[in-house]
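First the structure, in the form of structure tokens, and then the observations on it.
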Amino acid sequence: MPTVVGVRFKKAGKIYYFEPGNLDIKVGDHVIVETVRGIEYGEVVVGPKEVSEEEIVAPLKKVIRVATPEDDKKVKENRKKEKRAFNICLKKIQEHDLVMKLVDVEYTFDNNKIIFYFTAEGRVDFRELVKDLAAIFKTRIELRQIGVRDEAKMIGGLGPCGRTMCCSSHLGEFEPVSIKMAKIQNLSLNPTKISGICGRLMCCLKYEQEMYESIMKKMPKVNSQVETPQGVGVVLETNYLKEMVKVKLESEDDEIVVEEFHVDQIKPMDTEEHEDDEELDVEIDEEIESMLDE
């Protein structure tokens with residue numbers, strides 16, 4: 001199996017594998033590598049380790065060298081250039097009266113290309129803008145349209161929980177999140193309570209989903225009949241976190257009694273599997289998702 005090191009080019013960015021060769025590389029080092037965008041400067045976040053061929057995107061490129069003080073200085077200079085390029089691009093966008101929002105500017109390490117990231121509701125004809133920018137900076141120009149989640153990841157900030165947003169602090173890649181996750185976790189379906197700064201569903205809905213799904217498989221449905229140590233009853237309420245079930249029972253003198261049992265203490269009376277009730281909530285789902293997209 002090949003030996004690789006994991007390199008990240010942005011904070012909370014995706015990790016890419018490179019061959020360390022005979023270089024003495026450890027976590028925290030900065031290295032110079034060759035990518036499809038050209039020569040880049042990145043930080044080693046995964047030390048040398050062996051991986052299977054399936055985990056590698058061929059061809060596996062080698063680390064050119066460990067970054068020198070001169071390389072570090074060049075990166076700092078590029079950061080200053082990016083601020084200047086950002087302001088220039090803003091003015092040019094206004095001059096061309098383009099409906100687009102500039103989010104970030106990035107110089108490649110070798111200054112072979114400048115990438116301008118922007119958001120827009122639809123397609124933007126920026127051909128004249130590119131010509132102006134190329135004439136000013138005398139290098140290759142790329143304008144890249146990104147989504148609202150990518151915008152939030154680049155800008156950063158605090159999430160509804162009061163902590164630094166997950167996407168800008170530790171999430172390397174976005175994972176699919178759905179309304180169904182909020183339902184299973186018994187969260188409010190109010191869009192303002194389950195959406196993040198970007199206006200889309202919060203990424204953290206994914207974190208506990210696997211646990212909820214495993215518990216869901218053994219929890220009875222509300223209004224279903226179950227057999228308990230105190231007799232047969234009907235399920236009134238379920239608590240996934242505590243794995244507890246509230247059951248309505250009838251006593252010998254026909255009084256209604258509500259008792260709480262651990263899921264392991266009860267047995268479902270229905271032998272047939274319950275079908276997922278997603279279809280019953282399609283209209284609700286569509287309404288919520290449309291509100292999130294507005």
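If you're wondering about the labels, chains in the structure tokens are A, B, ... by order shown, residues count from 1 in each chain, ligands from 1 in order shown.
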Could you list, as a PDB file with C-alpha atoms, in the first residue's frame, every residue within 10 Å of range 147-162 of chain A, counting only C-alpha atoms and ignoring same-chain residues fewer than 6 positions away?
ATOM      1  CA  LYS A  10      -7.900  26.050   3.392  1.00  0.00           C
ATOM      2  CA  LYS A  11      -9.126  26.016   6.950  1.00  0.00           C
ATOM      3  CA  ALA A  12     -11.730  23.240   7.216  1.00  0.00           C
ATOM      4  CA  GLY A  13     -11.079  22.473   3.552  1.00  0.00           C
ATOM      5  CA  LEU A 102     -18.143  38.999  -4.612  1.00  0.00           C
ATOM      6  CA  VAL A 103     -17.286  36.651  -1.725  1.00  0.00           C
ATOM      7  CA  ASP A 104     -13.555  35.962  -1.815  1.00  0.00           C
ATOM      8  CA  TYR A 117     -15.537  33.564  -5.922  1.00  0.00           C
ATOM      9  CA  PHE A 118     -19.029  35.047  -6.188  1.00  0.00           C
ATOM     10  CA  THR A 119     -22.697  34.265  -5.628  1.00  0.00           C
ATOM     11  CA  ALA A 120     -25.609  35.174  -7.882  1.00  0.00           C
ATOM     12  CA  GLU A 121     -29.236  34.132  -8.275  1.00  0.00           C
ATOM     13  CA  SER A 168     -15.903  26.965   8.641  1.00  0.00           C
ATOM     14  CA  SER A 169     -14.261  25.248  11.626  1.00  0.00           C
ATOM     15  CA  LEU A 171     -16.309  20.152   8.236  1.00  0.00           C
ATOM     16  CA  GLY A 172     -14.169  19.318   5.220  1.00  0.00           C
ATOM     17  CA  GLU A 173     -17.122  18.547   2.961  1.00  0.00           C
ATOM     18  CA  PHE A 174     -20.866  19.152   3.047  1.00  0.00           C
ATOM     19  CA  THR A 192     -36.109  29.584  11.266  1.00  0.00           C
ATOM     20  CA  LYS A 193     -35.215  27.021  13.940  1.00  0.00           C
ATOM     21  CA  ILE A 194     -33.652  24.324  11.783  1.00  0.00           C
ATOM     22  CA  SER A 195     -31.798  26.451   9.239  1.00  0.00           C
ATOM     23  CA  GLY A 196     -28.283  27.830   9.592  1.00  0.00           C
ATOM     24  CA  ILE A 197     -26.736  31.183   8.733  1.00  0.00           C
ATOM     25  CA  CYS A 198     -26.677  30.163   5.069  1.00  0.00           C
ATOM     26  CA  GLY A 199     -30.459  29.737   5.064  1.00  0.00           C
ATOM     27  CA  ARG A 200     -30.246  26.009   4.406  1.00  0.00           C
ATOM     28  CA  LEU A 201     -30.875  23.123   6.820  1.00  0.00           C
ATOM     29  CA  MET A 202     -28.266  22.976   9.593  1.00  0.00           C
ATOM     30  CA  CYS A 203     -25.387  20.564   8.955  1.00  0.00           C
TER      31      CYS A 203
END
- Query: Can you list, as a list in words, every protein, DNA or RNA residue that comes within 9 Å of Cys89 in chain A when you count only C-alpha atoms, leaving out same-chain residues fewer than 3 positions away?
  - Reply: Arg84, Ala85, Phe86, Lys92, Ile93, Gln94, Leu102, Phe116, Leu129 and Leu133 of chain A
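Each of A:Ser224, A:Thr3, A:Ser251, A:Asn78 was compared to Ile56 in chain A using only C-alpha atoms, and A:Thr3 turns out to be the nearest.
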- DSSP strand (DSSP E) residues within range 91-261 of chain A, as number ranges by chain: A: 101-107, 113-119, 140-145, 225-228, 231-239, 244-250, 256-261
- Identify, on the basis of only C-alpha atoms, every residue whose closest approach to Pro2 in chain A does not exceed 12 Å; exclude the query and any residue fewer than 6 positions from it along the same chain; express the result as number ranges by chain. A: 17-21, 48-56, 58, 60-62
- Item | Polymer residues at most 9 Å from Lys74 in chain A, only C-alpha atoms, same-chain spacing of 5 or more positions, as JSON, numbers by chain | {"A": [69, 79, 109]}
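Across the structure, CA of Arg8 in chain A and CA of Val46 in chain A are spaced 9.0 Å apart.
We find CA of Lys217 in chain A and CA of Lys267 in chain A to be spaced 12.9 Å apart.
The smallest atom-to-atom distance between Cys204 in chain A and any of A:Gly233, A:Gly42, A:Pro176, A:Pro191, using only C-alpha atoms, is found for A:Pro176.
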- Message: Quick check for you: according to DSSP on this backbone, which residues of range 68-279 of chain A are classed as helix (DSSP H, G or I)? Reply as JSON, numbers by chain.
- Response: {"A": [69, 70, 71, 72, 73, 74, 75, 76, 77, 78, 79, 80, 81, 82, 83, 84, 85, 86, 87, 88, 89, 90, 91, 92, 93, 94, 95, 127, 128, 129, 130, 131, 132, 133, 134, 135, 136, 137, 148, 149, 150, 151, 152, 153, 154, 155, 166, 167, 168, 169, 179, 180, 181, 182, 183, 184, 191, 192, 193, 194, 203, 204, 205, 206, 209, 210, 211, 212, 213, 214, 215, 216, 263, 264, 265, 278, 279]}
- Query: Using only C-alpha atoms, which of A:Lys242, A:Thr108, A:Ser178, A:Met269 sits nearest Asn223 in chain A?
  - Reply: A:Met269
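Going from CA of Phe137 in chain A to CA of Met100 in chain A covers 20.7 Å.
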